[in-house]
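Colleague: Sending over a structure as structure tokens; questions will come in a sec.
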Amino acid sequence: MEFALDAAAERPPPLGKLVNGAGRKWQILLIGGASGVGKTRLSYSLARHYGINLTEIDDFQVVLETLTTPLQQPLLHFWRTHPEEFMAWGDEARLDYFVRVCREVFQPALEAVIANRLDSGLPAILEGDFLLPEFATQTQFGDQPNEGRVRALFVTEADEAQIAANYRAREGNEQPIRAHAEWVKNRWLTTECARLGVPSLCARPWDTVLPRAIAALSGNSPR
């Protein structure tokens, strides 16, 4: 039997004793996927396993929205400044908006952060909604070559009802429109991962997601 993610499971306790390196071959790991599929929960477990820092890309959203105005960044602020129009959009329009925000707003900011990390040699995990599979396939981040140092893993959930249940458990209310939009996004991201050869794995069963993720990053995992 499957159960919805609860708020406590989404963000596990502090890291505690860390395992240095744990056999990783990458320097930067990107954990992507639609909202509500369980990627934050996995990211904290991976940070523990590899003994490295975790940054949530939601924090970048807060910073960018705070430091810019709708006039400066209309695309970023659109869903807040035009909520009725945004909610009236169909699946294709919302997906197109998501891709544009990723490419035009978040990828330039994240590229600068990743280039800095690659230059300094400091490993990190970056986790969040605003990641596209194509981003991890870049050959260059700023003036830093990728050369396999940047990897990505996308978490998926094929069941729209499960995404809705995850929201209900985490936030305490029904969000069917949001759950549907994220399910559509999940399908597109899964297809993009397959097209580009970027690893993806199902969030469930949750009790095996960590070893499956570690195996996927080593290149020998069933999805």
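Numbering starts fresh at 1 for the residues of each chain in the structure tokens, the chains themselves are lettered A, B, ... in the order given, and ligands are numbered from 1 as they appear.
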Extract, using only C-alpha atoms, all DNA, RNA and protein residues at most 10 Å from Phe98 in chain A, discarding same-chain residues fewer than 5 positions from it, and format them as a list in words.

Modeller: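 The residues satisfying every condition are Leu75, Leu76, Glu92, Ala93, Arg103, Asp129, Phe130, Leu131, Leu132 and Lys185 of chain A.
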
Colleague: Those residues with N, CA and C atoms, as a short mmCIF file (atom, residue, chain, number, x, y, z; two decimals), in the first residue's frame please?

Modeller:
data_model
loop_
_atom_site.label_atom_id
_atom_site.label_comp_id
_atom_site.auth_asym_id
_atom_site.auth_seq_id
_atom_site.Cartn_x
_atom_site.Cartn_y
_atom_site.Cartn_z
N LEU A 75 8.05 38.03 -16.74
CA LEU A 75 7.82 36.59 -16.87
C LEU A 75 7.82 35.91 -15.50
N LEU A 76 8.78 36.24 -14.68
CA LEU A 76 8.88 35.64 -13.36
C LEU A 76 7.67 35.97 -12.50
N GLU A 92 -1.09 23.19 -22.30
CA GLU A 92 0.03 23.54 -23.17
C GLU A 92 0.60 24.90 -22.82
N ALA A 93 -0.28 25.87 -22.53
CA ALA A 93 0.18 27.22 -22.22
C ALA A 93 0.95 27.23 -20.89
N ARG A 103 14.23 28.57 -18.68
CA ARG A 103 15.29 28.94 -19.62
C ARG A 103 15.71 30.40 -19.48
N ASP A 129 12.07 22.79 -8.57
CA ASP A 129 11.13 22.64 -9.68
C ASP A 129 11.67 23.23 -10.99
N PHE A 130 12.49 24.27 -10.90
CA PHE A 130 12.84 25.05 -12.09
C PHE A 130 14.08 24.52 -12.78
N LEU A 131 14.10 23.22 -13.01
CA LEU A 131 15.20 22.58 -13.71
C LEU A 131 14.67 21.84 -14.93
N LEU A 132 15.39 21.93 -16.03
CA LEU A 132 15.05 21.18 -17.23
C LEU A 132 16.15 20.15 -17.47
N LYS A 185 3.31 18.43 -16.35
CA LYS A 185 4.73 18.77 -16.36
C LYS A 185 5.58 17.51 -16.17
#

Colleague: Neighbours of Asp58 in chain A within 9 Å (only C-alpha atoms; same-chain residues fewer than 3 positions away dropped), as a PDB file with N, CA, C and O atoms, in the first residue's frame?

Modeller:
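Below is the file that was written, part.pdb:
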ATOM      1  N   THR A  55      21.186  22.751  -1.639  1.00  0.00           N
ATOM      2  CA  THR A  55      20.543  24.046  -1.825  1.00  0.00           C
ATOM      3  C   THR A  55      19.212  23.828  -2.524  1.00  0.00           C
ATOM      4  O   THR A  55      19.146  23.145  -3.549  1.00  0.00           O
ATOM      5  N   GLN A  61      14.077  31.433  -6.099  1.00  0.00           N
ATOM      6  CA  GLN A  61      12.822  32.081  -6.478  1.00  0.00           C
ATOM      7  C   GLN A  61      12.491  33.217  -5.515  1.00  0.00           C
ATOM      8  O   GLN A  61      12.102  34.314  -5.943  1.00  0.00           O
ATOM      9  N   VAL A  62      12.648  32.971  -4.213  1.00  0.00           N
ATOM     10  CA  VAL A  62      12.374  34.012  -3.221  1.00  0.00           C
ATOM     11  C   VAL A  62      13.273  35.219  -3.440  1.00  0.00           C
ATOM     12  O   VAL A  62      12.817  36.371  -3.425  1.00  0.00           O
ATOM     13  N   VAL A  63      14.560  34.973  -3.663  1.00  0.00           N
ATOM     14  CA  VAL A  63      15.516  36.069  -3.864  1.00  0.00           C
ATOM     15  C   VAL A  63      15.180  36.857  -5.128  1.00  0.00           C
ATOM     16  O   VAL A  63      15.117  38.095  -5.116  1.00  0.00           O
ATOM     17  N   GLU A 127      18.415  21.345  -5.753  1.00  0.00           N
ATOM     18  CA  GLU A 127      17.126  20.656  -5.932  1.00  0.00           C
ATOM     19  C   GLU A 127      16.003  21.660  -6.106  1.00  0.00           C
ATOM     20  O   GLU A 127      15.953  22.670  -5.413  1.00  0.00           O
ATOM     21  N   GLY A 128      15.100  21.373  -7.053  1.00  0.00           N
ATOM     22  CA  GLY A 128      13.961  22.257  -7.200  1.00  0.00           C
ATOM     23  C   GLY A 128      13.160  22.017  -8.453  1.00  0.00           C
ATOM     24  O   GLY A 128      13.504  21.189  -9.305  1.00  0.00           O
ATOM     25  N   ASP A 129      12.066  22.793  -8.567  1.00  0.00           N
ATOM     26  CA  ASP A 129      11.133  22.637  -9.683  1.00  0.00           C
ATOM     27  C   ASP A 129      11.673  23.226 -10.985  1.00  0.00           C
ATOM     28  O   ASP A 129      11.321  22.762 -12.069  1.00  0.00           O
ATOM     29  N   PHE A 130      12.491  24.273 -10.897  1.00  0.00           N
ATOM     30  CA  PHE A 130      12.837  25.049 -12.089  1.00  0.00           C
ATOM     31  C   PHE A 130      14.084  24.516 -12.780  1.00  0.00           C
ATOM     32  O   PHE A 130      15.012  25.274 -13.104  1.00  0.00           O
TER      33      PHE A 130
END

Colleague: Which one is closest to Pro211 in chain A: A:Ile28, A:Leu126, A:Leu46, A:Leu189? Count only C-alpha atoms.

Modeller: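 The answer is A:Leu46, which sits nearest to Pro211 in chain A.
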
Colleague: Just list the residues in range 80-179 of chain A DSSP gives strand (DSSP E or B) on the backbone, as an NGL selection string.

Modeller: :A and (124-127 or 140-141 or 144-145 or 150-156)

Colleague: Would you kindly return, as a ChimeraX atom specification, each protein, DNA or RNA residue with an atom no farther than 12 Å from any atom of Arg94 in chain A, considering only C-alpha atoms and excluding same-chain residues fewer than 4 positions away?

Modeller: /A:78-79,85-90,98-101,177-178,180-185,188

Colleague: Write the selection just made, keeping C-alpha atoms, as a PDB file, in the first residue's frame?

Modeller:
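Saved to out_37.pdb:
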ATOM      1  CA  PHE A  78       3.336  36.866 -14.182  1.00  0.00           C
ATOM      2  CA  TRP A  79       1.580  34.152 -12.163  1.00  0.00           C
ATOM      3  CA  GLU A  85      -5.294  34.731 -16.685  1.00  0.00           C
ATOM      4  CA  PHE A  86      -2.745  32.206 -15.457  1.00  0.00           C
ATOM      5  CA  MET A  87      -5.436  29.950 -13.959  1.00  0.00           C
ATOM      6  CA  ALA A  88      -7.458  30.122 -17.190  1.00  0.00           C
ATOM      7  CA  TRP A  89      -4.617  28.749 -19.289  1.00  0.00           C
ATOM      8  CA  GLY A  90      -4.730  25.231 -20.663  1.00  0.00           C
ATOM      9  CA  PHE A  98       7.230  26.793 -17.111  1.00  0.00           C
ATOM     10  CA  VAL A  99       9.836  26.065 -19.790  1.00  0.00           C
ATOM     11  CA  ARG A 100      10.294  29.764 -20.543  1.00  0.00           C
ATOM     12  CA  VAL A 101      10.756  30.661 -16.873  1.00  0.00           C
ATOM     13  CA  ILE A 177      -5.795  22.120 -10.598  1.00  0.00           C
ATOM     14  CA  ARG A 178      -2.240  22.375  -9.314  1.00  0.00           C
ATOM     15  CA  HIS A 180      -3.064  18.238 -12.731  1.00  0.00           C
ATOM     16  CA  ALA A 181      -0.667  20.924 -13.957  1.00  0.00           C
ATOM     17  CA  GLU A 182       2.243  19.206 -12.205  1.00  0.00           C
ATOM     18  CA  TRP A 183       1.201  15.818 -13.601  1.00  0.00           C
ATOM     19  CA  VAL A 184       1.307  17.294 -17.122  1.00  0.00           C
ATOM     20  CA  LYS A 185       4.731  18.769 -16.358  1.00  0.00           C
ATOM     21  CA  TRP A 188       6.873  16.192 -20.318  1.00  0.00           C
TER      22      TRP A 188
END

Colleague: Out of range 48-194 of chain A, which residues get alpha helix (DSSP H) from DSSP, as JSON, numbers by chain?

Modeller: {"A": [48, 49, 50, 58, 59, 60, 61, 62, 63, 64, 65, 66, 67, 74, 75, 76, 77, 78, 79, 80, 81, 83, 84, 85, 86, 87, 88, 91, 92, 93, 94, 95, 96, 97, 98, 99, 100, 101, 107, 108, 109, 110, 111, 112, 113, 114, 115, 116, 117, 118, 119, 120, 133, 134, 135, 136, 160, 161, 162, 163, 164, 165, 166, 167, 168, 169, 170, 171, 176, 177, 178, 179, 180, 181, 182, 183, 184, 185, 186, 187, 188, 189, 190, 191, 192, 193, 194]}

Colleague: If you take only C-alpha atoms and a cut-off of 9 Å, which residues of range 133-155 of chain A touch range 201-206 of chain A, and what are their nearest atom pairs and distances in Å to one decimal, in chain and number order, as a Markdown table?

Modeller:
| residue | atom | partner | partner_atom | distance |
| --- | --- | --- | --- | --- |
| A:Leu153 | CA | A:Leu201 | CA | 7.7 |
| A:Phe154 | CA | A:Leu201 | CA | 6.5 |
| A:Val155 | CA | A:Leu201 | CA | 5.3 |

Colleague: So how many Å separate CA of Gln144 in chain A and CA of Phe60 in chain A, to one decimal?

Modeller: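 Straight-line distance from CA of Gln144 in chain A to CA of Phe60 in chain A works out to 21.4 Å.
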
Colleague: Applying 10 Å and only C-alpha atoms, which residues near Gln73 in chain A remain after dropping the ones on its own chain fewer than 5 positions away? List them as a PyMOL selection string.

Modeller: chain A and resi 64-65+67-68+78+104-105

Colleague: Export N, CA, C and O atoms of the chosen residues as a PDB file, in the first residue's frame?

Modeller:
ATOM      1  N   LEU A  64      14.946  36.128  -6.233  1.00  0.00           N
ATOM      2  CA  LEU A  64      14.685  36.810  -7.499  1.00  0.00           C
ATOM      3  C   LEU A  64      13.390  37.612  -7.448  1.00  0.00           C
ATOM      4  O   LEU A  64      13.317  38.729  -7.973  1.00  0.00           O
ATOM      5  N   GLU A  65      12.345  37.069  -6.820  1.00  0.00           N
ATOM      6  CA  GLU A  65      11.084  37.790  -6.729  1.00  0.00           C
ATOM      7  C   GLU A  65      11.192  38.992  -5.790  1.00  0.00           C
ATOM      8  O   GLU A  65      10.487  39.985  -5.968  1.00  0.00           O
ATOM      9  N   LEU A  67      14.064  40.794  -5.258  1.00  0.00           N
ATOM     10  CA  LEU A  67      14.993  41.791  -5.787  1.00  0.00           C
ATOM     11  C   LEU A  67      14.580  42.366  -7.139  1.00  0.00           C
ATOM     12  O   LEU A  67      15.269  43.250  -7.657  1.00  0.00           O
ATOM     13  N   THR A  68      13.496  41.861  -7.716  1.00  0.00           N
ATOM     14  CA  THR A  68      13.038  42.381  -9.000  1.00  0.00           C
ATOM     15  C   THR A  68      11.584  42.814  -8.898  1.00  0.00           C
ATOM     16  O   THR A  68      10.848  42.402  -8.003  1.00  0.00           O
ATOM     17  N   PHE A  78       4.622  36.908 -13.480  1.00  0.00           N
ATOM     18  CA  PHE A  78       3.336  36.866 -14.182  1.00  0.00           C
ATOM     19  C   PHE A  78       2.263  36.123 -13.406  1.00  0.00           C
ATOM     20  O   PHE A  78       1.114  36.564 -13.318  1.00  0.00           O
ATOM     21  N   GLU A 104      14.744  31.295 -19.290  1.00  0.00           N
ATOM     22  CA  GLU A 104      15.039  32.728 -19.348  1.00  0.00           C
ATOM     23  C   GLU A 104      15.363  33.347 -17.999  1.00  0.00           C
ATOM     24  O   GLU A 104      16.028  34.387 -17.944  1.00  0.00           O
ATOM     25  N   VAL A 105      14.889  32.730 -16.916  1.00  0.00           N
ATOM     26  CA  VAL A 105      15.097  33.316 -15.591  1.00  0.00           C
ATOM     27  C   VAL A 105      16.055  32.487 -14.750  1.00  0.00           C
ATOM     28  O   VAL A 105      17.080  32.990 -14.265  1.00  0.00           O
TER      29      VAL A 105
END

Colleague: Using only C-alpha atoms, find the one residue out of A:Leu71, A:Ala124, A:Leu210, A:Ile31 that sits nearest to His49 in chain A.

Modeller: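 Ranked by minimum distance to His49 in chain A, first place goes to A:Leu210.
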